[in-house]
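Next comes upload-v2.txt, a file with compact mmCIF, C-alpha atoms.
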```
# COMPACT_ATOMS: atom_id res chain seq x y z
CA MET P 25 0.00 0.00 0.00
CA SER P 26 1.22 3.50 -0.67
CA SER P 27 2.50 5.87 1.97
CA SER P 28 1.88 9.61 1.98
CA ASN P 29 5.44 10.10 0.65
CA VAL P 30 4.68 8.60 -2.73
CA SER P 31 3.13 10.47 -5.64
CA TYR P 32 2.47 9.63 -9.25
CA THR P 33 2.62 11.38 -12.59
CA LEU P 34 0.77 9.93 -15.56
CA ARG P 35 2.08 11.09 -18.92
CA TYR P 36 -0.47 10.72 -21.69
CA PHE P 37 -2.37 12.66 -24.33
CA ASP P 38 -5.32 14.78 -23.34
CA ALA P 39 -7.66 11.97 -24.38
CA ILE P 40 -9.48 8.91 -23.02
CA GLY P 41 -7.68 6.24 -25.05
CA PHE P 42 -5.11 4.13 -23.22
CA GLY P 43 -4.75 6.52 -20.28
CA GLU P 44 -8.23 6.46 -18.81
CA SER P 45 -7.90 3.14 -17.01
CA SER P 46 -4.80 4.34 -15.16
CA ARG P 47 -6.51 7.64 -14.32
CA MET P 48 -9.39 5.73 -12.75
CA LEU P 49 -7.07 3.35 -10.88
CA LEU P 50 -5.06 6.26 -9.47
CA THR P 51 -8.27 8.05 -8.48
CA ALA P 52 -9.71 4.91 -6.88
CA ALA P 53 -6.45 4.37 -4.99
CA GLY P 54 -6.85 7.77 -3.37
CA VAL P 55 -3.18 8.64 -3.91
CA GLU P 56 -1.58 11.93 -4.86
CA TRP P 57 -1.24 12.08 -8.64
CA THR P 58 -1.02 14.51 -11.53
CA GLU P 59 -1.15 14.31 -15.26
CA GLU P 60 1.27 15.61 -17.90
CA HIS P 61 0.49 16.00 -21.59
CA PRO P 62 3.93 15.94 -23.23
CA GLU P 63 4.45 17.93 -26.43
CA TRP P 64 4.16 15.37 -29.19
CA PRO P 65 6.10 14.17 -31.08
CA GLN P 66 8.86 16.34 -29.56
CA GLU P 67 8.85 14.39 -26.31
CA LYS P 68 8.83 10.98 -28.02
CA PRO P 69 12.58 10.33 -27.60
CA ASN P 70 12.31 11.16 -23.90
CA GLN P 71 9.95 8.29 -23.18
CA PRO P 72 11.31 4.81 -22.36
CA HIS P 73 9.68 3.12 -25.37
CA GLY P 74 9.01 6.26 -27.40
CA ARG P 75 5.31 6.00 -26.57
CA LEU P 76 2.66 6.97 -24.03
CA PRO P 77 1.33 6.34 -21.43
CA VAL P 78 4.21 6.46 -18.97
CA LEU P 79 3.87 6.27 -15.19
CA VAL P 80 6.37 8.01 -12.93
CA GLU P 81 6.35 7.08 -9.25
CA LYS P 82 8.17 9.56 -7.06
CA SER P 83 9.12 9.08 -3.45
CA THR P 84 10.27 11.68 -0.98
CA ASP P 85 12.71 9.23 0.60
CA GLY P 86 15.41 10.09 -1.91
CA SER P 87 15.12 6.97 -4.02
CA PRO P 88 15.15 7.50 -7.81
CA ASP P 89 11.89 7.82 -9.70
CA PHE P 90 10.39 4.49 -10.75
CA VAL P 91 9.29 4.78 -14.38
CA ILE P 92 7.25 2.21 -16.27
CA CYS P 93 5.37 2.14 -19.56
CA GLU P 94 3.07 -0.09 -21.64
CA SER P 95 -0.53 0.73 -20.74
CA THR P 96 -1.67 -2.66 -19.44
CA ASN P 97 1.57 -3.08 -17.50
CA ILE P 98 0.92 0.26 -15.76
CA GLU P 99 -2.65 -0.85 -15.06
CA ARG P 100 -1.59 -4.17 -13.52
CA TYR P 101 1.11 -2.51 -11.42
CA LEU P 102 -1.35 0.02 -10.01
CA ALA P 103 -4.07 -2.60 -9.59
CA ARG P 104 -1.76 -4.93 -7.65
CA THR P 105 -0.21 -2.14 -5.58
CA PHE P 106 -3.57 -0.76 -4.50
CA GLY P 107 -5.50 -4.01 -4.12
CA PHE P 108 -7.75 -3.84 -7.18
CA LEU P 109 -6.27 -7.14 -8.33
CA PRO P 110 -6.43 -9.94 -5.76
CA THR P 111 -3.22 -11.40 -4.36
CA ASP P 112 -4.54 -14.91 -5.06
CA LEU P 113 -2.85 -15.85 -8.35
CA LYS P 114 -5.86 -17.67 -9.81
CA GLN P 115 -8.29 -14.89 -8.92
CA ALA P 116 -5.96 -12.28 -10.40
CA ALA P 117 -5.46 -14.35 -13.55
CA LEU P 118 -9.23 -14.60 -14.11
CA GLN P 119 -9.42 -10.79 -14.15
CA GLU P 120 -6.36 -10.49 -16.38
CA GLN P 121 -7.80 -12.89 -18.96
CA ILE P 122 -10.91 -10.72 -19.27
CA ARG P 123 -8.67 -7.69 -19.66
CA ASP P 124 -6.74 -9.40 -22.47
CA LEU P 125 -10.00 -10.32 -24.22
CA MET P 126 -11.10 -6.69 -23.91
CA SER P 127 -7.77 -5.55 -25.41
CA ASP P 128 -8.40 -7.82 -28.38
CA VAL P 129 -11.85 -6.28 -28.90
CA GLY P 130 -10.31 -2.81 -28.65
CA ASN P 131 -7.61 -3.71 -31.21
CA LEU P 132 -10.20 -5.04 -33.65
CA VAL P 133 -12.31 -1.91 -33.51
CA THR P 134 -9.22 0.30 -33.80
CA GLY P 135 -8.03 -1.71 -36.78
CA TYR P 136 -11.46 -1.34 -38.32
CA VAL P 137 -11.51 2.46 -38.13
CA GLN P 138 -8.07 2.62 -39.78
CA ILE P 139 -8.92 0.48 -42.81
CA LYS P 140 -9.80 2.38 -45.94
CA ASN P 141 -10.74 -0.41 -48.34
CA GLY P 142 -14.49 -1.00 -48.30
CA GLU P 143 -14.42 -4.80 -48.58
CA ASP P 144 -11.76 -5.29 -45.93
CA LYS P 145 -13.59 -2.81 -43.75
CA ALA P 146 -16.76 -4.93 -43.76
CA GLU P 147 -14.81 -8.09 -42.94
CA CYS P 148 -12.93 -6.30 -40.19
CA PHE P 149 -16.13 -5.00 -38.67
CA ALA P 150 -17.65 -8.49 -38.73
CA LYS P 151 -14.65 -9.81 -36.79
CA PHE P 152 -15.03 -7.01 -34.26
CA GLU P 153 -18.75 -7.65 -33.82
CA GLY P 154 -18.11 -11.37 -33.36
CA LEU P 155 -15.52 -10.89 -30.65
CA LEU P 156 -17.59 -8.18 -28.97
CA GLU P 157 -20.45 -10.64 -28.69
CA THR P 158 -18.10 -13.19 -27.15
CA LEU P 159 -16.97 -10.57 -24.65
CA ILE P 160 -20.52 -9.52 -23.78
CA ASN P 161 -21.50 -13.17 -23.25
CA VAL P 162 -18.48 -13.80 -21.01
CA GLN P 163 -19.04 -10.63 -18.98
CA THR P 164 -22.79 -11.18 -18.64
CA LYS P 165 -22.24 -14.70 -17.34
CA LEU P 166 -19.70 -13.44 -14.79
CA LEU P 167 -22.10 -10.70 -13.67
CA LYS P 168 -24.98 -13.13 -13.30
CA ASP P 169 -22.85 -15.71 -11.46
CA ASN P 170 -21.70 -12.93 -9.12
CA GLY P 171 -25.30 -12.19 -8.10
CA ASN P 172 -25.95 -9.46 -10.67
CA THR P 173 -24.59 -6.81 -8.34
CA GLY P 174 -23.00 -4.83 -11.16
CA ARG P 175 -19.59 -6.25 -10.28
CA LEU P 176 -17.65 -8.79 -12.31
CA PHE P 177 -15.81 -10.26 -9.35
CA GLY P 178 -16.26 -10.06 -5.61
CA ASP P 179 -18.12 -7.35 -3.81
CA LYS P 180 -16.06 -4.24 -4.41
CA LEU P 181 -14.74 -2.25 -7.36
CA SER P 182 -12.20 -4.39 -9.17
CA TYR P 183 -9.59 -4.03 -11.91
CA ALA P 184 -11.86 -5.89 -14.33
CA ASP P 185 -14.78 -3.55 -13.57
CA ILE P 186 -12.70 -0.45 -14.30
CA ILE P 187 -11.29 -1.82 -17.55
CA ALA P 188 -14.76 -2.85 -18.73
CA TYR P 189 -16.07 0.65 -18.07
CA VAL P 190 -13.20 2.22 -20.02
CA LEU P 191 -13.63 -0.15 -22.98
CA TYR P 192 -17.32 0.70 -23.30
CA MET P 193 -16.45 4.39 -22.89
CA ASN P 194 -13.94 4.18 -25.73
CA MET P 195 -16.32 2.27 -27.99
CA LEU P 196 -19.43 4.37 -27.30
CA VAL P 197 -17.85 7.81 -26.93
CA SER P 198 -14.30 8.00 -28.35
CA LEU P 199 -15.17 6.19 -31.57
CA VAL P 200 -18.20 8.29 -32.48
CA LYS P 201 -16.04 10.67 -34.51
CA PHE P 202 -14.82 7.71 -36.62
CA LYS P 203 -18.17 6.02 -37.00
CA ALA P 204 -21.20 8.15 -36.28
CA ASP P 205 -23.60 5.21 -35.85
CA ILE P 206 -21.38 3.14 -33.53
CA VAL P 207 -23.72 3.75 -30.58
CA ASP P 208 -26.70 2.46 -32.58
CA ILE P 209 -24.73 -0.69 -33.41
CA ILE P 210 -23.31 -1.47 -29.98
CA LYS P 211 -25.96 -0.24 -27.55
CA PRO P 212 -28.60 -2.85 -28.54
CA LYS P 213 -26.06 -5.59 -27.85
CA LEU P 214 -25.55 -4.51 -24.24
CA THR P 215 -27.32 -6.77 -21.77
CA PRO P 216 -29.04 -5.30 -18.70
CA GLU P 217 -26.26 -6.80 -16.60
CA ILE P 218 -23.63 -4.83 -18.51
CA VAL P 219 -25.62 -1.61 -18.26
CA LYS P 220 -25.75 -2.20 -14.49
CA LEU P 221 -21.97 -2.80 -14.44
CA ILE P 222 -21.44 0.55 -16.16
CA SER P 223 -23.64 2.44 -13.71
CA THR P 224 -22.16 0.64 -10.69
CA VAL P 225 -18.65 1.68 -11.72
CA GLU P 226 -19.59 5.26 -12.58
CA SER P 227 -21.30 5.78 -9.22
CA ASP P 228 -18.73 3.92 -7.11
CA PRO P 229 -17.56 6.18 -4.26
CA LEU P 230 -13.94 5.48 -5.16
CA VAL P 231 -14.21 6.88 -8.69
CA VAL P 232 -17.26 9.10 -8.55
CA LYS P 233 -15.05 12.19 -8.37
CA HIS P 234 -13.26 11.19 -11.63
CA LYS P 235 -14.42 13.63 -14.26
CA SER P 236 -14.00 11.82 -17.56
CA ARG P 237 -13.45 13.72 -20.81
CA GLY P 238 -16.18 11.45 -22.16
CA GLY P 239 -18.82 12.71 -19.74
CA SER P 240 -21.31 10.24 -18.34
CA LEU P 241 -21.29 6.82 -19.95
CA VAL P 242 -24.45 6.01 -18.02
CA ALA P 243 -26.21 8.80 -19.90
CA VAL P 244 -25.17 7.21 -23.22
CA VAL P 245 -26.32 3.67 -22.40
CA SER P 246 -29.44 4.50 -20.43
CA THR P 247 -31.77 6.26 -22.85
CA MET G 16 4.34 -20.59 -4.50
CA LEU G 17 4.57 -24.00 -6.15
CA SER G 18 1.55 -26.00 -7.09
CA GLY G 19 1.10 -29.46 -5.60
CA SER G 20 3.00 -32.37 -7.06
CA ASP G 21 -0.31 -33.95 -8.08
CA THR G 22 -1.19 -30.99 -10.30
CA VAL G 23 -1.17 -31.64 -14.02
CA TYR G 24 -1.50 -29.12 -16.83
CA VAL G 25 -2.88 -29.41 -20.32
CA LEU G 26 -1.99 -26.75 -22.87
CA ARG G 27 -4.50 -26.58 -25.70
CA TYR G 28 -3.17 -24.99 -28.86
CA PHE G 29 -2.44 -25.65 -32.49
CA ASP G 30 0.57 -27.75 -33.44
CA LEU G 31 2.58 -24.59 -34.07
CA ILE G 32 5.03 -22.30 -32.30
CA GLY G 33 2.54 -19.45 -32.66
CA ARG G 34 1.48 -17.77 -29.43
CA ALA G 35 2.15 -20.74 -27.19
CA GLU G 36 5.91 -21.15 -27.10
CA GLY G 37 6.32 -19.01 -23.98
CA CYS G 38 3.74 -21.19 -22.20
CA ARG G 39 5.50 -24.39 -23.33
CA LEU G 40 8.87 -23.12 -22.13
CA LEU G 41 7.49 -22.03 -18.76
CA LEU G 42 5.80 -25.39 -18.13
CA THR G 43 9.04 -27.11 -19.14
CA ALA G 44 11.25 -24.91 -16.97
CA ALA G 45 8.90 -25.48 -14.05
CA ASN G 46 9.30 -29.25 -14.45
CA ALA G 47 5.51 -29.38 -14.27
CA SER G 48 3.52 -32.44 -15.33
CA TRP G 49 2.06 -31.25 -18.59
CA THR G 50 0.82 -32.37 -21.93
CA GLU G 51 -0.40 -30.65 -25.04
CA GLU G 52 -3.70 -31.07 -26.88
CA HIS G 53 -4.31 -29.93 -30.44
CA PRO G 54 -8.10 -29.50 -30.62
CA GLU G 55 -9.86 -30.09 -33.93
CA TRP G 56 -10.39 -26.63 -35.33
CA PRO G 57 -12.82 -24.96 -35.79
CA ALA G 58 -14.87 -27.91 -34.51
CA GLU G 59 -13.71 -27.34 -30.92
CA LYS G 60 -14.00 -23.54 -31.03
CA ALA G 61 -17.32 -23.41 -29.22
CA ASN G 62 -15.94 -25.59 -26.40
CA GLN G 63 -13.30 -23.05 -25.41
CA PRO G 64 -14.24 -20.33 -22.89
CA PHE G 65 -13.35 -17.47 -25.27
CA GLU G 66 -13.64 -19.54 -28.46
CA ARG G 67 -9.88 -19.16 -28.94
CA LEU G 68 -6.58 -20.83 -28.18
CA PRO G 69 -4.34 -21.21 -26.24
CA VAL G 70 -6.18 -22.50 -23.19
CA LEU G 71 -4.53 -23.80 -20.02
CA VAL G 72 -6.28 -26.54 -18.05
CA GLU G 73 -5.03 -27.13 -14.51
CA ARG G 74 -6.18 -30.33 -12.81
CA SER G 75 -5.58 -30.92 -9.13
CA ASN G 76 -7.34 -33.10 -6.51
CA GLY G 77 -10.15 -33.85 -8.93
CA ASP G 78 -10.77 -30.15 -9.65
CA GLU G 79 -10.30 -28.48 -12.99
CA TRP G 80 -9.43 -24.82 -13.49
CA ILE G 81 -9.22 -23.13 -16.89
CA LEU G 82 -7.38 -20.03 -18.04
CA CYS G 83 -7.25 -18.29 -21.43
CA GLU G 84 -5.23 -15.59 -23.22
CA SER G 85 -1.59 -16.41 -23.91
CA LEU G 86 0.06 -13.61 -21.93
CA THR G 87 -2.21 -14.10 -18.92
CA ILE G 88 -1.34 -17.81 -18.98
CA GLU G 89 2.36 -16.93 -19.16
CA ARG G 90 2.19 -14.46 -16.26
CA TYR G 91 0.19 -16.93 -14.17
CA LEU G 92 2.64 -19.79 -14.76
CA ALA G 93 5.62 -17.48 -14.24
CA ARG G 94 4.26 -16.43 -10.85
CA VAL G 95 3.16 -19.91 -9.74
CA PHE G 96 6.57 -21.38 -10.54
CA GLY G 97 8.72 -18.52 -9.30
CA PHE G 98 10.02 -17.18 -12.61
CA MET G 99 8.54 -13.75 -11.89
CA PRO G 100 9.82 -11.68 -8.94
CA THR G 101 7.35 -11.19 -6.10
CA ASP G 102 8.42 -7.55 -5.83
CA LEU G 103 5.82 -5.62 -7.84
CA LYS G 104 8.30 -3.15 -9.30
CA GLN G 105 10.70 -5.86 -10.44
CA ALA G 106 7.83 -7.84 -11.94
CA ALA G 107 6.56 -4.73 -13.76
CA LEU G 108 9.95 -4.27 -15.44
CA GLN G 109 9.79 -7.80 -16.86
CA GLU G 110 6.14 -7.46 -17.90
CA GLN G 111 6.93 -4.15 -19.59
CA MET G 112 9.48 -5.84 -21.84
CA VAL G 113 7.05 -8.64 -22.68
CA ASP G 114 4.27 -6.16 -23.51
CA GLN G 115 6.63 -4.24 -25.79
CA GLN G 116 7.43 -7.50 -27.60
CA ALA G 117 3.72 -8.16 -28.03
CA ASP G 118 3.29 -4.78 -29.79
CA LEU G 119 5.33 -6.18 -32.69
CA VAL G 120 2.59 -8.65 -33.61
CA PRO G 121 0.04 -6.15 -34.96
CA ALA G 122 2.90 -4.28 -36.68
CA PHE G 123 4.08 -7.48 -38.38
CA MET G 124 0.55 -8.32 -39.51
CA ALA G 125 -0.07 -4.77 -40.75
CA GLN G 126 2.98 -4.86 -43.04
CA LEU G 127 2.14 -8.40 -44.15
CA ILE G 128 -1.37 -7.58 -45.34
CA ALA G 129 -0.78 -3.97 -46.38
CA THR G 130 -1.99 -2.94 -49.81
CA ASP G 131 0.68 -1.62 -52.17
CA ASP G 132 0.16 2.02 -51.27
CA MET G 133 0.66 1.35 -47.54
CA LYS G 134 3.29 -1.42 -47.75
CA SER G 135 6.31 0.81 -47.44
CA LYS G 136 4.94 2.83 -44.53
CA GLN G 137 3.84 -0.26 -42.58
CA PHE G 138 7.17 -1.99 -43.24
CA ASP G 139 9.03 1.06 -41.92
CA GLU G 140 6.86 1.09 -38.82
CA PHE G 141 7.56 -2.60 -38.17
CA ASN G 142 11.29 -2.05 -38.61
CA THR G 143 11.30 0.96 -36.32
CA LEU G 144 9.50 -0.96 -33.58
CA PHE G 145 11.72 -4.01 -34.00
CA ASP G 146 14.91 -1.94 -33.87
CA ARG G 147 13.59 -0.27 -30.73
CA MET G 148 12.86 -3.69 -29.21
CA VAL G 149 16.38 -5.00 -29.87
CA LYS G 150 17.78 -1.79 -28.39
CA GLU G 151 15.65 -2.23 -25.28
CA HIS G 152 16.76 -5.84 -24.87
CA GLY G 153 20.34 -4.58 -25.12
CA ARG G 154 19.74 -1.82 -22.61
CA ILE G 155 18.28 -4.25 -20.06
CA LEU G 156 21.15 -6.68 -20.63
CA SER G 157 23.77 -3.96 -20.29
CA ARG G 158 22.41 -3.08 -16.84
CA ASN G 159 22.64 -6.70 -15.63
CA SER G 160 25.93 -8.07 -14.38
CA SER G 161 25.24 -11.52 -15.86
CA LYS G 162 25.22 -11.49 -19.66
CA GLN G 163 23.47 -14.87 -19.77
CA HIS G 164 20.31 -13.39 -18.25
CA LEU G 165 18.26 -10.22 -18.50
CA PHE G 166 17.62 -9.89 -14.78
CA GLY G 167 19.58 -11.47 -11.96
CA ASP G 168 21.59 -14.60 -12.45
CA GLN G 169 18.91 -17.25 -12.94
CA LEU G 170 16.47 -18.12 -15.70
CA SER G 171 13.54 -15.70 -15.43
CA TYR G 172 10.25 -15.10 -17.23
CA ALA G 173 11.94 -12.31 -19.19
CA ASP G 174 14.65 -14.69 -20.47
CA ILE G 175 12.07 -17.27 -21.54
CA SER G 176 9.90 -14.64 -23.19
CA LEU G 177 12.85 -13.14 -25.07
CA TYR G 178 13.85 -16.54 -26.44
CA ALA G 179 10.30 -17.28 -27.58
CA PHE G 180 10.10 -13.78 -29.16
CA TYR G 181 13.16 -14.27 -31.35
CA LYS G 182 12.13 -17.80 -32.21
CA VAL G 183 8.80 -16.45 -33.48
CA TYR G 184 10.42 -13.85 -35.75
CA ILE G 185 13.35 -15.93 -36.98
CA VAL G 186 11.76 -19.37 -37.25
CA TYR G 187 7.96 -19.38 -36.93
CA LEU G 188 6.82 -16.42 -39.01
CA LYS G 189 8.65 -17.68 -42.08
CA ILE G 190 5.50 -19.63 -42.84
CA TYR G 191 3.77 -16.28 -43.38
CA GLN G 192 6.69 -14.32 -44.83
CA SER G 193 9.63 -16.32 -46.09
CA ASP G 194 12.20 -13.51 -45.80
CA ILE G 195 11.31 -12.31 -42.28
CA ASP G 196 14.40 -14.01 -40.82
CA GLU G 197 16.66 -12.20 -43.29
CA ILE G 198 15.02 -8.91 -42.28
CA VAL G 199 15.32 -9.56 -38.55
CA LYS G 200 18.67 -11.36 -38.17
CA PRO G 201 20.87 -8.41 -39.22
CA LYS G 202 19.30 -6.36 -36.42
CA LEU G 203 20.62 -8.65 -33.69
CA THR G 204 23.73 -7.57 -31.84
CA PRO G 205 26.37 -10.13 -30.82
CA GLU G 206 25.29 -9.62 -27.19
CA ILE G 207 21.68 -10.51 -27.98
CA ILE G 208 22.72 -13.53 -30.03
CA ASN G 209 24.86 -14.77 -27.17
CA LEU G 210 21.96 -14.23 -24.77
CA ILE G 211 19.60 -16.24 -27.02
CA LEU G 212 22.11 -19.07 -27.28
CA SER G 213 22.75 -19.03 -23.51
CA ILE G 214 19.04 -19.34 -22.79
CA GLU G 215 18.81 -22.15 -25.32
CA LYS G 216 21.41 -24.08 -23.32
CA GLU G 217 19.55 -23.73 -19.98
CA PRO G 218 19.17 -27.25 -18.55
CA LEU G 219 15.64 -26.43 -17.36
CA LEU G 220 14.53 -25.90 -20.97
CA ALA G 221 16.17 -29.01 -22.40
CA PRO G 222 13.13 -31.33 -22.25
CA HIS G 223 11.33 -29.08 -24.75
CA LEU G 224 14.18 -27.53 -26.75
CA SER G 225 15.81 -30.91 -27.40
CA LYS G 226 12.74 -31.63 -29.57
CA CYS G 227 13.11 -28.38 -31.54
CA ASP G 228 15.61 -27.17 -34.08
CA SER G 229 18.34 -25.19 -32.41
CA MET G 230 18.52 -21.48 -33.11
CA ALA G 231 22.30 -21.80 -32.91
CA ALA G 232 22.58 -23.03 -36.47
CA VAL G 233 20.43 -20.16 -37.72
CA LEU G 234 22.35 -17.52 -35.77
CA SER G 235 25.81 -19.00 -35.72
CA SER G 236 27.17 -17.00 -38.62
CA LYS G 237 26.85 -13.87 -36.50
CA ALA G 238 27.85 -15.13 -33.05
CA PHE G 239 31.17 -14.36 -31.44
```
Will you turn the file into structure tokens for me?
Amino acid sequence: MSSSNVSYTLRYFDAIGFGESSRMLLTAAGVEWTEEHPEWPQEKPNQPHGRLPVLVEKSTDGSPDFVICESTNIERYLARTFGFLPTDLKQAALQEQIRDLMSDVGNLVTGYVQIKNGEDKAECFAKFEGLLETLINVQTKLLKDNGNTGRLFGDKLSYADIIAYVLYMNMLVSLVKFKADIVDIIKPKLTPEIVKLISTVESDPLVVKHKSRGGSLVAVVST
Amino acid sequence: MLSGSDTVYVLRYFDLIGRAEGCRLLLTAANASWTEEHPEWPAEKANQPFERLPVLVERSNGDEWILCESLTIERYLARVFGFMPTDLKQAALQEQMVDQQADLVPAFMAQLIATDDMKSKQFDEFNTLFDRMVKEHGRILSRNSSKQHLFGDQLSYADISLYAFYKVYIVYLKIYQSDIDEIVKPKLTPEIINLILSIEKEPLLAPHLSKCDSMAAVLSSKAF
């Protein structure tokens, strides 16, 4: 657990993207943290892997800054440090596998918006829809098995809950500028259990003060 | 934390190096009781939790536990069998390297399937990322006193993952792109080649690697 002598800086773009999950984890952890939006691409060579996000952990005890990158690596480090991933290896792995599945869905939809060719675009979108349905089925079953409390695992806000919220935020809010009708395509697929997951996360006391650039996701999925 | 001696593992995957070599090497290094299944595909797709492979099945005391997603399986096995440090910061440094390696996969696929107008740009992007990866491997190695390992002086998850990474790009992916090894090999420094060959000689990995072609023959023209 963190002490009051430790603070964090998250370097990312002024966007939801791959930084939002870490923002929510830092907020939920209740630690001191700030955000930097490095000039880009000028600051590229100054980052460990030439990319963002980057997490800098500073301590007042004189030890050097601890710097890590790779978005899901930052997430897992924060989640483990602040107890949002269980210490039990199997329980943690079950959350991580959902996260990896969500990453695959995210990659498919990102790949889709970048493809220009019409035929490939349709095929790519079909792949994305297929995997999204797999994800929704997996998440819905977990939510139901967990008593339909709006939590994927256990009885408090978890790593998996936060990542799920961010994925749906990215798909239903961030992607609108690439595909205007994305909400009309995805929203009907959301089960009531997933809608409850989204509202449970958004209203959780640990993250309720997080003001997302995307606004309220509950407002998007509830109408 | 070691699993019980009555625990057996089944790795379900295709009969390919693919995304499973890290898992195979970890199970081997752990001296775990394990076998491999090659499910009929796509006939068995619906029987897998995420309709994909690899899948890890862990059987112990009559119970069965299932895990999916290759990197999650790797991190789980690495932690169970002590190949990942328990210190969260040290573990994050190894996972960071593995995640950076994984970023090469979409870049490789993008340049493979790119249409003519995008081919050059995607190929440049792949090369840039690969060069950066080799440089990062070198940087990590340069900071370690042992040159046979990336971290510390014993076989770690990072070592195993690095070996599997280079095996994928120098051996496996030739089935997709026959000249990928000729593109990648010149990028390797003598230090990285020696690291790969050192890992290949690790006694813990012998039960699996003795059944595979050695990378030594492929890399030997550039080794010290």
Exercise for the section: Select residues of chain G: the criterion is any atom within 9 Å of an atom of chain P, counting all atoms listed in the file; output as a ChimeraX atom specification. Expected result: /G:64-66,80-88,90-91,94-95,103-104,106-108,110-112,114-115,121,147-148,151
Shell around range 203-212 of chain P at 10 Å using all atoms listed in the file, local window under 5 positions removed, as a short mmCIF file (atom, residue, chain, number, x, y, z; two decimals) with C-alpha atoms, in the frame of the given file:
```
data_model
loop_
_atom_site.label_atom_id
_atom_site.label_comp_id
_atom_site.auth_asym_id
_atom_site.auth_seq_id
_atom_site.Cartn_x
_atom_site.Cartn_y
_atom_site.Cartn_z
CA VAL P 137 -11.51 2.46 -38.13
CA GLU P 153 -18.75 -7.65 -33.82
CA LEU P 156 -17.59 -8.18 -28.97
CA GLU P 157 -20.45 -10.64 -28.69
CA TYR P 192 -17.32 0.70 -23.30
CA MET P 195 -16.32 2.27 -27.99
CA LEU P 196 -19.43 4.37 -27.30
CA VAL P 197 -17.85 7.81 -26.93
CA SER P 198 -14.30 8.00 -28.35
CA VAL P 219 -25.62 -1.61 -18.26
CA VAL P 244 -25.17 7.21 -23.22
CA VAL P 245 -26.32 3.67 -22.40
CA SER P 246 -29.44 4.50 -20.43
CA THR P 247 -31.77 6.26 -22.85
#
```
Taking (17.6, -4.9, -41.3) in the file's coordinates, which residues come within 12 Å, counting only C-alpha atoms, written as a short mmCIF file (atom, residue, chain, number, x, y, z; two decimals) with C-alpha atoms, in the frame of the given file?
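And here is the file that came out, point.cif:
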```cif
data_model
loop_
_atom_site.label_atom_id
_atom_site.label_comp_id
_atom_site.auth_asym_id
_atom_site.auth_seq_id
_atom_site.Cartn_x
_atom_site.Cartn_y
_atom_site.Cartn_z
CA PHE G 138 7.17 -1.99 -43.24
CA ASP G 139 9.03 1.06 -41.92
CA PHE G 141 7.56 -2.60 -38.17
CA ASN G 142 11.29 -2.05 -38.61
CA THR G 143 11.30 0.96 -36.32
CA LEU G 144 9.50 -0.96 -33.58
CA PHE G 145 11.72 -4.01 -34.00
CA ASP G 146 14.91 -1.94 -33.87
CA VAL G 149 16.38 -5.00 -29.87
CA ASP G 194 12.20 -13.51 -45.80
CA ILE G 195 11.31 -12.31 -42.28
CA ASP G 196 14.40 -14.01 -40.82
CA GLU G 197 16.66 -12.20 -43.29
CA ILE G 198 15.02 -8.91 -42.28
CA VAL G 199 15.32 -9.56 -38.55
CA LYS G 200 18.67 -11.36 -38.17
CA PRO G 201 20.87 -8.41 -39.22
CA LYS G 202 19.30 -6.36 -36.42
CA LEU G 203 20.62 -8.65 -33.69
CA THR G 204 23.73 -7.57 -31.84
#
```
Problem - Gly77 in chain G environment, 12 Å, all atoms listed in the file, sequence neighbours closer than 5 positions dropped, as a ChimeraX atom specification - result: /G:21-23
Handout entry: Atom pair CA of Ala184 in chain P / CA of Leu79 in chain P: separation (Å)
Key = 19.9 Å
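Minimum atom-to-atom distance to Leu68 in chain G, evaluated using all atoms listed in the file, belongs to G:Cys38 out of G:Ala47, G:Cys38, G:Ala129, G:Ile208.
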Practice task
Considering all atoms listed in the file, return as a PyMOL selection string whatever protein or nucleic-acid residues lie within 12 Å of range 165-169 of chain G, sequence-local ones (same chain, fewer than 5 positions apart) excluded.
Solution key: chain G and resi 44+97-100+105-106+108-109+112+151-160+174-178+206-207+209-211+213-214+217-219
List the neighbours of Trp64 in chain P out to 12 Å using all atoms listed in the file; skip same-chain residues closer than 5 positions along the sequence, and give me the result as a PDB file with C-alpha atoms, in the coordinates of the input.
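part-v6.pdb, written as the output of this step:
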```pdb
ATOM      1  CA  ARG P  35       2.080  11.090 -18.920  1.00  0.00           C
ATOM      2  CA  TYR P  36      -0.470  10.720 -21.690  1.00  0.00           C
ATOM      3  CA  PHE P  37      -2.370  12.660 -24.330  1.00  0.00           C
ATOM      4  CA  ASP P  38      -5.320  14.780 -23.340  1.00  0.00           C
ATOM      5  CA  PRO P  69      12.580  10.330 -27.600  1.00  0.00           C
ATOM      6  CA  ASN P  70      12.310  11.160 -23.900  1.00  0.00           C
ATOM      7  CA  GLN P  71       9.950   8.290 -23.180  1.00  0.00           C
ATOM      8  CA  GLY P  74       9.010   6.260 -27.400  1.00  0.00           C
ATOM      9  CA  ARG P  75       5.310   6.000 -26.570  1.00  0.00           C
ATOM     10  CA  LEU P  76       2.660   6.970 -24.030  1.00  0.00           C
TER      11      LEU P  76
END
```
Problem - Interatomic distance (Å, one decimal) between CA of Thr33 in chain P and CA of Ser46 in chain P - result: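 We find that CA of Thr33 in chain P and CA of Ser46 in chain P lie 10.5 Å from each other.
Between CA of Val25 in chain G and CA of Ser225 in chain G lies a distance of 20.0 Å.
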Problem - Counting only C-alpha atoms, the residue of P:Val133, P:Ala103, P:Ile218, P:Val30 that sits nearest Gly86 in chain P - result: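 Looking only at the distances to Gly86 in chain P, the closest residue turns out to be P:Val30.
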Exercise for the section: Name all residues at most 12 Å from Trp49 in chain G (count only C-alpha atoms; drop same-chain ones fewer than 2 positions away) and give them as a list in words. Expected result: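 Neighbouring residues, sequence-local ones excluded: Ser20, Asp21, Thr22, Val23, Tyr24, Val25, Leu26, Arg27, Cys38, Arg39, Leu40, Leu41, Leu42, Thr43, Ala44, Ala45, Asn46, Ala47, Glu51, Glu52, Leu71, Val72, Glu73, Arg74, Pro222 and His223 of chain G.
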